[in-house]
$ cat run_12.cif   # mmCIF, C-alpha atoms
data_query
loop_
_atom_site.label_atom_id
_atom_site.label_comp_id
_atom_site.auth_asym_id
_atom_site.auth_seq_id
_atom_site.Cartn_x
_atom_site.Cartn_y
_atom_site.Cartn_z
CA MET A 1 22.88 34.38 29.54
CA ILE A 2 24.41 32.36 32.31
CA THR A 3 24.98 28.68 31.54
CA GLU A 4 23.87 25.75 33.63
CA VAL A 5 26.24 22.80 34.11
CA ASP A 6 25.75 19.66 36.14
CA ASP A 7 27.83 19.77 39.33
CA ALA A 8 27.89 15.99 39.79
CA ASN A 9 31.70 16.02 39.74
CA ASP A 10 31.89 17.92 43.05
CA SER A 11 33.15 15.65 45.80
CA ALA A 12 30.97 14.96 48.83
CA THR A 13 33.36 16.92 51.08
CA SER A 14 32.99 20.04 48.96
CA LYS A 15 29.18 20.02 49.08
CA ILE A 16 27.63 22.83 51.09
CA THR A 17 24.49 22.54 53.20
CA TRP A 18 22.33 25.49 52.28
CA THR A 19 20.35 26.98 55.14
CA LYS A 20 17.88 29.86 54.86
CA GLU A 21 20.42 32.17 56.46
CA ARG A 22 23.02 31.26 53.84
CA ASP A 23 20.44 31.59 51.06
CA ILE A 24 19.59 35.13 52.21
CA ALA A 25 23.26 36.14 52.16
CA LEU A 26 23.74 34.72 48.63
CA LEU A 27 20.51 36.23 47.26
CA GLY A 28 21.43 39.62 48.75
CA GLN A 29 24.75 39.63 46.89
CA ILE A 30 23.04 38.73 43.60
CA VAL A 31 20.60 41.63 44.03
CA LYS A 32 23.55 43.99 44.55
CA VAL A 33 25.22 42.80 41.33
CA GLY A 34 21.95 43.00 39.37
CA LYS A 35 21.35 41.58 35.87
CA ALA A 36 25.09 41.16 35.29
CA ALA A 37 24.93 38.04 37.46
CA PHE A 38 22.91 36.32 34.71
CA GLU A 39 24.05 38.20 31.58
CA THR A 40 27.51 36.69 31.67
CA ASN A 41 28.52 33.57 29.75
CA ARG A 42 31.30 31.05 30.08
CA GLY A 43 33.36 32.51 27.23
CA GLY A 44 32.86 36.22 27.83
CA GLY A 45 32.36 38.17 24.61
CA LYS A 46 31.11 41.70 24.06
CA SER A 47 28.14 43.46 25.61
CA LYS A 48 25.52 45.51 23.72
CA ASP A 49 27.55 48.72 24.06
CA GLY A 50 30.57 47.07 22.43
CA ASN A 51 32.67 46.77 25.59
CA LYS A 52 34.25 43.47 26.57
CA GLN A 53 31.85 41.47 28.70
CA LEU A 54 33.02 39.87 31.93
CA THR A 55 32.98 36.10 32.11
CA GLN A 56 30.83 34.07 34.41
CA GLU A 57 33.86 33.17 36.55
CA GLN A 58 34.85 36.85 36.94
CA ILE A 59 31.36 37.97 38.06
CA TRP A 60 30.88 35.15 40.54
CA ALA A 61 34.37 34.20 41.76
CA GLY A 62 36.66 37.06 40.65
CA PRO A 63 37.82 39.95 42.83
CA GLY A 64 34.70 41.49 44.34
CA GLY A 65 32.57 38.70 42.86
CA ILE A 66 29.43 37.29 44.44
CA VAL A 67 31.06 34.23 46.02
CA SER A 68 34.31 36.08 46.78
CA VAL A 69 32.47 38.62 48.96
CA LEU A 70 30.64 35.86 50.83
CA LYS A 71 33.93 34.12 51.55
CA GLN A 72 35.61 37.28 52.83
CA ASP A 73 32.90 39.26 54.60
CA TYR A 74 30.80 36.57 56.22
CA GLY A 75 32.36 34.79 59.19
CA HIS A 76 28.91 33.58 59.98
CA PRO A 77 26.86 31.81 58.53
CA PHE A 78 29.67 30.51 56.24
CA GLN A 79 32.32 30.04 58.92
CA GLY A 80 34.28 26.80 58.40
CA VAL A 81 32.50 26.00 55.14
CA LYS A 82 34.48 24.19 52.45
CA TRP A 83 33.17 25.87 49.33
CA PRO A 84 32.18 23.79 46.30
CA SER A 85 32.82 24.83 42.69
CA THR A 86 31.43 28.15 41.50
CA GLN A 87 29.12 26.31 39.11
CA SER A 88 27.60 24.40 42.02
CA VAL A 89 26.71 27.70 43.72
CA ILE A 90 25.17 29.02 40.48
CA ASN A 91 23.15 25.83 40.06
CA HIS A 92 21.77 26.28 43.57
CA ILE A 93 20.00 29.37 42.18
CA THR A 94 19.24 28.51 38.52
CA HIS A 95 18.98 24.71 38.25
CA LYS A 96 15.70 23.80 36.54
CA GLN A 97 14.79 21.19 39.15
CA SER A 98 16.60 21.96 42.39
CA GLY A 99 17.38 25.70 41.98
CA LEU A 100 15.74 28.19 44.33
CA ILE A 101 14.19 30.15 41.42
CA PHE A 102 12.26 27.09 40.29
CA LYS A 103 11.52 25.51 43.67
CA PHE A 104 9.81 28.69 44.85
CA LYS A 105 8.30 29.91 41.58
CA HIS A 106 4.87 29.97 43.23
CA LEU A 107 6.03 33.15 44.99
CA TYR A 108 6.25 35.17 41.75
CA THR A 109 4.18 33.22 39.20
CA SER A 110 0.59 34.34 38.67
CA GLY A 111 -1.96 31.58 39.15
CA MET A 112 0.26 29.37 41.34
CA GLU A 113 -0.78 30.82 44.70
CA GLN A 114 -2.70 27.69 45.63
CA SER A 115 0.40 25.54 45.05
CA GLU A 116 2.18 27.33 47.87
CA PRO A 117 3.05 24.91 50.72
CA ALA A 118 1.03 25.55 53.87
CA GLU A 119 2.43 25.50 57.38
CA GLY A 120 1.39 21.92 57.94
CA GLY A 121 3.26 20.75 54.87
CA THR A 122 0.15 20.26 52.75
CA GLU A 123 -0.53 21.81 49.36
CA GLY A 124 -3.65 23.44 47.96
CA THR A 125 -3.92 25.98 50.76
CA LYS A 126 -2.34 29.41 50.37
CA ASP A 127 0.04 30.49 53.13
CA GLU A 128 -1.28 33.85 54.31
CA ARG A 129 1.80 34.89 56.28
CA PRO A 130 3.54 38.08 55.03
CA LEU A 131 6.68 37.67 52.90
CA GLY A 132 9.93 37.52 54.82
CA GLU A 133 13.42 38.61 53.81
CA PHE A 134 14.14 35.33 52.03
CA GLU A 135 10.96 35.48 49.94
CA THR A 136 11.45 39.16 49.07
CA LEU A 137 15.05 38.65 47.92
CA LEU A 138 14.13 35.52 45.97
CA ILE A 139 11.40 37.36 44.07
CA GLU A 140 13.88 40.13 43.14
CA VAL A 141 16.45 37.58 41.94
CA ALA A 142 13.80 35.71 39.92
CA GLU A 143 12.78 38.99 38.25
CA LEU A 144 16.41 39.68 37.28
CA TYR A 145 16.84 36.15 35.92
CA ASN A 146 13.59 36.18 33.92
CA GLU A 147 14.34 39.67 32.54
CA VAL A 148 17.73 38.55 31.21
CA LYS A 149 16.16 35.37 29.83
CA ALA A 150 13.46 37.38 28.00
CA GLU A 151 16.08 39.75 26.53
CA LYS A 152 18.11 36.81 25.25
CA GLU A 153 15.07 35.15 23.66
CA LYS A 154 14.09 38.45 22.03
CA ALA A 155 17.61 38.97 20.64
CA GLU A 156 17.69 35.44 19.23
CA SER A 157 14.23 35.90 17.70
CA GLU A 158 15.29 39.18 16.04
CA LYS A 159 18.48 37.56 14.75
CA ASP A 160 16.49 34.67 13.25
CA ALA A 161 14.07 37.15 11.67
CA ASP A 162 16.96 39.11 10.13
CA ILE A 163 18.44 35.90 8.69
CA ARG A 164 15.07 34.87 7.22
CA LYS A 165 14.55 38.37 5.78
CA THR A 166 18.02 38.38 4.20
CA ASP A 167 17.60 34.87 2.74
CA SER A 168 14.19 35.84 1.31
CA ARG A 169 15.63 38.98 -0.29
CA ASN A 170 18.55 37.11 -1.86
CA GLU A 171 16.19 34.46 -3.24
CA PHE A 172 13.92 37.15 -4.73
CA MET A 173 16.83 38.91 -6.44
CA GLN A 174 18.27 35.68 -7.86
CA ASP A 175 14.84 34.63 -9.20
CA ALA A 176 14.38 38.06 -10.78
CA ALA A 177 17.80 37.86 -12.44
CA CYS A 178 17.04 34.40 -13.86
CA LYS A 179 13.65 35.62 -15.06
CA GLY A 180 15.29 38.55 -16.85
CA ASP A 181 17.74 36.24 -18.65
CA PHE A 182 14.87 33.96 -19.73
CA GLU A 183 12.73 36.81 -21.03
CA ALA A 184 15.65 38.09 -23.13
CA MET A 185 15.84 34.77 -25.03
CA SER A 186 14.23 34.28 -28.41
CA LYS A 187 11.85 31.43 -29.15
CA GLU A 188 14.65 29.45 -30.85
CA GLU A 189 16.84 29.78 -27.75
CA ARG A 190 14.05 28.49 -25.51
CA THR A 191 12.58 25.61 -27.51
CA GLY A 192 14.94 24.84 -30.43
CA ASN A 193 17.35 21.95 -30.78
CA PHE A 194 21.04 22.33 -29.97
CA ALA A 195 22.02 23.81 -33.33
CA MET A 196 19.09 26.27 -33.32
CA ARG A 197 19.82 27.40 -29.76
CA LYS A 198 23.52 27.88 -30.54
CA ALA A 199 22.78 29.96 -33.67
CA ALA A 200 20.19 32.10 -31.85
CA ARG A 201 22.55 32.82 -28.94
CA ALA A 202 25.36 33.78 -31.31
CA LYS A 203 23.02 36.07 -33.25
CA ARG A 204 21.85 37.87 -30.09
CA ALA A 205 25.43 38.30 -28.82
CA ALA A 206 26.59 39.57 -32.24
CA SER A 207 23.82 42.18 -32.30
CA VAL A 208 25.17 43.62 -29.05
CA ILE A 209 28.74 43.64 -30.40
CA ASP A 210 27.58 45.53 -33.52
CA VAL A 211 26.18 48.30 -31.34
CA GLU A 212 29.59 48.71 -29.70
CA GLU A 213 31.43 48.76 -33.07
CA GLU A 214 29.19 51.58 -34.37
CA GLY A 215 30.64 53.88 -31.72
CA SER A 216 34.28 52.80 -32.06
CA SER A 217 35.46 56.44 -32.17
CA SER A 218 34.76 56.79 -28.43
CA SER A 219 35.64 53.23 -27.43
CA SER A 220 38.58 54.32 -25.26
CA SER A 221 36.53 56.74 -23.16
CA ARG A 222 33.74 54.17 -22.85
CA SER A 223 36.15 51.54 -21.61
CA ASN A 224 37.49 53.91 -18.96
CA SER A 225 33.94 54.83 -17.93
CA ALA A 226 32.99 51.16 -17.63
CA LYS A 227 35.97 50.47 -15.38
CA LYS A 228 35.02 53.46 -13.26
CA ALA A 229 31.44 52.21 -12.97
CA ASN A 230 32.56 48.74 -11.91
CA HIS A 231 34.74 50.32 -9.25
CA ARG A 232 31.78 52.31 -7.96
CA ARG A 233 29.59 49.27 -7.22
CA ILE A 234 30.47 46.20 -5.15
CA THR A 235 28.43 43.55 -3.37
CA VAL A 236 27.91 43.68 0.38
CA ARG A 237 29.99 40.50 0.67
CA GLN A 238 32.93 42.14 -1.14
CA TYR A 239 32.64 45.21 1.10
CA MET A 240 32.72 43.00 4.22
CA GLU A 241 35.82 41.18 2.97
CA GLU A 242 37.62 44.46 2.31
CA GLN A 243 36.67 45.84 5.74
CA TYR A 244 37.29 42.51 7.56
CA LEU A 245 33.77 42.56 9.01
CA PRO A 246 32.20 39.53 10.75
CA GLU A 247 29.41 37.52 9.11
CA THR A 248 26.90 38.87 11.64
CA ASP A 249 27.20 42.34 10.07
CA PHE A 250 25.70 41.17 6.76
CA ALA A 251 22.09 41.37 7.96
CA LYS A 252 22.75 44.68 9.72
CA ILE A 253 24.13 46.26 6.52
CA VAL A 254 21.28 44.91 4.36
CA ASN A 255 18.70 46.20 6.88
CA LYS A 256 20.52 49.58 7.08
CA GLU A 257 21.26 49.12 10.78
CA LYS A 258 25.04 49.40 10.30
CA PRO A 259 26.48 52.41 8.41
CA THR A 260 28.78 51.92 5.41
CA PRO A 261 30.85 55.12 5.21
CA GLY A 262 31.27 56.30 1.64
CA TRP A 263 28.82 53.72 0.26
CA THR A 264 25.06 53.57 -0.27
CA LEU A 265 22.92 50.42 -0.35
CA LEU A 266 21.15 50.09 -3.72
CA SER A 267 17.46 49.23 -3.94
CA ASP A 268 16.47 45.80 -5.25
CA GLU A 269 15.45 47.30 -8.62
CA ASP A 270 18.74 49.17 -9.09
CA THR A 271 20.72 46.11 -8.01
CA LEU A 272 19.10 44.02 -10.75
CA LEU A 273 19.51 46.86 -13.25
CA TYR A 274 23.27 46.83 -12.77
CA GLY A 275 23.43 43.05 -13.20
CA PHE A 276 23.94 41.96 -9.57
CA ASP A 277 22.03 39.08 -7.97
CA GLN A 278 22.72 39.96 -4.32
CA PRO A 279 22.66 43.09 -2.11
CA THR A 280 24.99 45.72 -3.61
CA LEU A 281 26.60 48.96 -2.46
CA GLU A 282 27.29 52.00 -4.64
CA LYS A 283 30.08 54.43 -3.87
CA LYS A 284 28.85 57.91 -3.01
CA MET A 285 29.76 60.30 -5.85
CA SER A 286 31.90 63.36 -5.36
CA MET A 287 31.06 66.64 -7.08
CA MET A 288 33.29 65.65 -9.99
CA ASP A 289 31.63 62.25 -10.39
CA ALA A 290 28.20 63.88 -10.23
CA THR A 291 28.95 65.81 -13.47
CA THR A 292 28.76 62.60 -15.51
CA SER A 293 26.14 63.22 -18.19
CA PHE A 294 23.18 61.01 -18.92
CA ARG A 295 24.73 60.01 -22.25
CA GLU A 296 27.93 58.87 -20.53
CA GLN A 297 25.93 56.86 -18.00
CA VAL A 298 24.03 55.15 -20.81
CA THR A 299 27.38 54.38 -22.47
CA ILE A 300 28.70 52.91 -19.24
CA ASN A 301 25.68 50.64 -18.87
CA LEU A 302 25.87 49.59 -22.52
CA ASN A 303 29.57 48.74 -22.26
CA GLU A 304 28.95 46.69 -19.13
CA PHE A 305 26.18 44.78 -20.91
CA THR A 306 28.37 44.29 -24.02
CA GLU A 307 31.32 43.03 -21.99
CA THR A 308 29.11 40.51 -20.23
CA ASN A 309 27.73 39.18 -23.52
CA LYS A 310 31.24 38.96 -24.98
CA LYS A 311 32.30 36.76 -22.11
CA LYS A 312 29.20 34.59 -22.54
CA LEU A 313 29.88 34.22 -26.28
CA GLN A 314 33.52 33.31 -25.67
CA HIS A 315 32.46 30.74 -23.11
CA MET A 316 29.92 29.22 -25.53
CA GLU A 317 32.53 29.02 -28.29
CA LEU A 318 34.99 27.34 -25.95
CA VAL A 319 32.38 24.80 -24.83
CA GLU A 320 31.42 24.03 -28.44
CA LYS A 321 35.09 23.68 -29.42
CA ASN A 322 35.65 21.20 -26.61
CA ARG A 323 32.55 19.25 -27.58
CA SER A 324 33.68 19.14 -31.24
CA ALA A 325 37.11 17.88 -30.22
CA GLU A 326 35.50 15.22 -28.03
CA ARG A 327 33.24 14.06 -30.90
CA THR A 328 36.29 13.88 -33.21
CA ARG A 329 38.14 11.75 -30.69
CA GLU A 330 35.15 9.44 -30.38
CA LEU A 331 34.90 9.04 -34.18
CA ASP A 332 38.64 8.34 -34.46
CA LEU A 333 38.40 5.71 -31.75
CA ALA A 334 35.41 4.04 -33.41
CA GLU A 335 37.21 4.04 -36.75
CA ARG A 336 40.32 2.43 -35.25
CA GLU A 337 38.22 -0.23 -33.57
CA MET A 338 36.49 -0.98 -36.90
CA LYS A 339 39.83 -1.33 -38.68
CA LEU A 340 41.15 -3.67 -36.01
CA LYS A 341 38.05 -5.86 -36.31
CA GLU A 342 38.36 -5.89 -40.11
CA GLU A 343 42.04 -6.88 -39.95
CA LYS A 344 41.28 -9.61 -37.43
CA TYR A 345 38.46 -10.91 -39.65
CA LYS A 346 40.82 -11.03 -42.68
CA ALA A 347 43.52 -12.79 -40.67
CA ASP A 348 41.02 -15.39 -39.40
CA ALA A 349 39.73 -15.95 -42.97
CA GLU A 350 43.24 -16.43 -44.38
CA GLU A 351 44.13 -18.81 -41.55
CA LYS A 352 40.96 -20.81 -42.18
CA LYS A 353 41.66 -20.93 -45.94
CA ALA A 354 45.22 -22.18 -45.32
CA MET A 355 43.89 -24.87 -42.99
CA MET A 356 41.38 -26.06 -45.60
CA GLU A 357 44.09 -26.25 -48.27
CA LEU A 358 46.29 -28.27 -45.94
CA LEU A 359 43.47 -30.68 -45.14
CA ALA A 360 42.74 -31.09 -48.88
CA LYS A 361 46.38 -31.96 -49.61
CA LEU A 362 46.43 -34.53 -46.84
CA ALA A 363 43.25 -36.11 -48.15
CA ASN A 364 44.66 -36.45 -51.70
CA LYS A 365 47.68 -38.35 -50.41
#
$ encode --input "run_12.cif" --output "structure tokens"
Amino acid sequence: MITEVDDANDSATSKITWTKERDIALLGQIVKVGKAAFETNRGGGKSKDGNKQLTQEQIWAGPGGIVSVLKQDYGHPFQGVKWPSTQSVINHITHKQSGLIFKFKHLYTSGMEQSEPAEGGTEGTKDERPLGEFETLLIEVAELYNEVKAEKEKAESEKDADIRKTDSRNEFMQDAACKGDFEAMSKEERTGNFAMRKAARAKRAASVIDVEEEGSSSSSSRSNSAKKANHRRITVRQYMEEQYLPETDFAKIVNKEKPTPGWTLLSDEDTLLYGFDQPTLEKKMSMMDATTSFREQVTINLNEFTETNKKKLQHMELVEKNRSAERTRELDLAEREMKLKEEKYKADAEEKKAMMELLAKLANK
């Protein structure tokens, strides 16, 4: 959408006096260009079809642009005119107070017919004269402007809706993952003291490790299958990083508006089943991958679950070890402080005893 900038910096000599004849020439050129006159922006960018979009300066002042044609092809009514900045010309059409589109909105706005100035300069009486060339062109330009404005507002509304939908989905999946972890806890893990919670967590993790040890004969094949499974599923964020995709593509991928060649978006239930807390993609299987038996798939899932619990157990042991070392340091410090106080007390007592003996000797003399 075209931007509006104050043209207060234009010098007085570069101001142009707009007559109806000049307005008609300008409006006619805008109609020829069409919506592109208002779809441009100051920085350019890309259009909906993916092609590079022309900038505002190119459309209005570039070769064959709106103002460029007026300067070249019109000896009259623009003869001898010292043209102001391009932005000043744009503001003459779109400015929200002084622009033609807004000054004459009664021509194309339903319900404002009675606000149309009458011949005598009064208001409240509709001018019944037929529309002239100026009015006809202005209505066409206003329609182009309002159409582009409506498309922009719709696009922004859809983008906001996609962002809200994505945020809501991520929040749901994270809540579900937390709920699953909580439901897997025993009563001791939920409500017990520190020692009870630690013992219960270790017991639950050990029970998972025992299941893996029972099938140690096929541990090598299971490990390879687990690695293969991890390679087959990645989050949408990881996929975007690998493909160098912009952040705006996240919502499109999640809403299945942008294809992901070779990958399929998992449902929310499957995403949680595989232990992910955000939108996840699964690699499409080849004919060879599709031969994986149900038993092997169960083994893959079990190994993934076991590996996760191993990491949790190792982390808990490391945290407890650090806490134990910290408590030992605190006890050692307290013990040293106690010894120092005791030694100081003994030294003060001996000094006091020596002073009393000295005073007693002096008194006996």
$ closest_residue --input "run_12.cif" --among "A:Thr235, A:Thr248, A:Ser324, A:Ser68" --to "Leu272 in chain A" --atoms "all atoms listed in the file"
A:Thr235
$ atom_distance --input "run_12.cif" --atom1 "CA of Phe38 in chain A" --atom2 "CA of Tyr145 in chain A"
6.2 Å
$ closest_residue --input "run_12.cif" --among "A:Glu133, A:Glu307, A:Glu269, A:Glu140" --to "Lys20 in chain A" --atoms "only C-alpha atoms"
A:Glu133
$ axis_aligned_box --input "run_12.cif" --around "range 251-267 of chain A" --padding-each-side "4 Å" --output "AutoDock Vina command-line options"
--center_x 24.4 --center_y 48.8 --center_z 3.4 --size_x 21.8 --size_y 22.9 --size_z 22.7
$ resolve_selection --input "run_12.cif" --expression "the PyMOL selection byres ((chain A and resi 234) around 9)" --output "list of chain:residue names"
A:Asn230, A:His231, A:Arg232, A:Arg233, A:Thr235, A:Val236, A:Arg237, A:Gln238, A:Tyr239, A:Phe276, A:Pro279, A:Thr280, A:Leu281, A:Glu282, A:Lys283
$ residues_near_point --input "run_12.cif" --point "(16.4, 36.7, 29.6)" --cutoff "12 Å" --atoms "only C-alpha atoms" --output "ChimeraX atom specification"
/A:1-3,35-40,142-156
$ atom_distance --input "run_12.cif" --atom1 "CA of Leu137 in chain A" --atom2 "CA of Gly28 in chain A"
6.5 Å
$ atom_distance --input "run_12.cif" --atom1 "CA of Val33 in chain A" --atom2 "CA of Gly132 in chain A"
21.1 Å
$ build_atoms --input "run_12.cif" --residues "range 244-259 of chain A" --atoms "N, CA and C atoms" --output "PDB file, in the frame of the given file"
ATOM      1  N   TYR A 244      37.081  43.563   6.552  1.00  0.00           N
ATOM      2  CA  TYR A 244      37.290  42.510   7.560  1.00  0.00           C
ATOM      3  C   TYR A 244      36.161  42.503   8.599  1.00  0.00           C
ATOM      4  N   LEU A 245      34.928  42.544   8.120  1.00  0.00           N
ATOM      5  CA  LEU A 245      33.770  42.560   9.010  1.00  0.00           C
ATOM      6  C   LEU A 245      33.285  41.143   9.272  1.00  0.00           C
ATOM      7  N   PRO A 246      32.714  40.869  10.456  1.00  0.00           N
ATOM      8  CA  PRO A 246      32.200  39.530  10.750  1.00  0.00           C
ATOM      9  C   PRO A 246      30.922  39.236   9.976  1.00  0.00           C
ATOM     10  N   GLU A 247      30.576  37.944   9.870  1.00  0.00           N
ATOM     11  CA  GLU A 247      29.410  37.520   9.110  1.00  0.00           C
ATOM     12  C   GLU A 247      28.114  38.098   9.687  1.00  0.00           C
ATOM     13  N   THR A 248      28.112  38.346  11.005  1.00  0.00           N
ATOM     14  CA  THR A 248      26.900  38.870  11.640  1.00  0.00           C
ATOM     15  C   THR A 248      26.522  40.265  11.147  1.00  0.00           C
ATOM     16  N   ASP A 249      27.486  40.986  10.547  1.00  0.00           N
ATOM     17  CA  ASP A 249      27.200  42.340  10.070  1.00  0.00           C
ATOM     18  C   ASP A 249      26.449  42.359   8.747  1.00  0.00           C
ATOM     19  N   PHE A 250      26.352  41.193   8.076  1.00  0.00           N
ATOM     20  CA  PHE A 250      25.700  41.170   6.760  1.00  0.00           C
ATOM     21  C   PHE A 250      24.234  41.621   6.863  1.00  0.00           C
ATOM     22  N   ALA A 251      23.499  41.013   7.798  1.00  0.00           N
ATOM     23  CA  ALA A 251      22.090  41.370   7.960  1.00  0.00           C
ATOM     24  C   ALA A 251      21.931  42.819   8.405  1.00  0.00           C
ATOM     25  N   LYS A 252      22.843  43.298   9.253  1.00  0.00           N
ATOM     26  CA  LYS A 252      22.750  44.680   9.720  1.00  0.00           C
ATOM     27  C   LYS A 252      22.944  45.670   8.571  1.00  0.00           C
ATOM     28  N   ILE A 253      23.888  45.365   7.654  1.00  0.00           N
ATOM     29  CA  ILE A 253      24.130  46.260   6.520  1.00  0.00           C
ATOM     30  C   ILE A 253      22.938  46.241   5.572  1.00  0.00           C
ATOM     31  N   VAL A 254      22.414  45.046   5.288  1.00  0.00           N
ATOM     32  CA  VAL A 254      21.280  44.910   4.360  1.00  0.00           C
ATOM     33  C   VAL A 254      20.036  45.618   4.921  1.00  0.00           C
ATOM     34  N   ASN A 255      19.853  45.555   6.248  1.00  0.00           N
ATOM     35  CA  ASN A 255      18.700  46.200   6.880  1.00  0.00           C
ATOM     36  C   ASN A 255      18.980  47.656   7.274  1.00  0.00           C
ATOM     37  N   LYS A 256      20.132  48.183   6.841  1.00  0.00           N
ATOM     38  CA  LYS A 256      20.520  49.580   7.080  1.00  0.00           C
ATOM     39  C   LYS A 256      20.657  49.906   8.570  1.00  0.00           C
ATOM     40  N   GLU A 257      21.027  48.891   9.355  1.00  0.00           N
ATOM     41  CA  GLU A 257      21.260  49.120  10.780  1.00  0.00           C
ATOM     42  C   GLU A 257      22.724  49.465  11.055  1.00  0.00           C
ATOM     43  N   LYS A 258      23.620  49.093  10.140  1.00  0.00           N
ATOM     44  CA  LYS A 258      25.040  49.400  10.300  1.00  0.00           C
ATOM     45  C   LYS A 258      25.475  50.317   9.160  1.00  0.00           C
ATOM     46  N   PRO A 259      26.077  51.476   9.467  1.00  0.00           N
ATOM     47  CA  PRO A 259      26.480  52.410   8.410  1.00  0.00           C
ATOM     48  C   PRO A 259      27.635  51.869   7.582  1.00  0.00           C
TER      49      PRO A 259
END
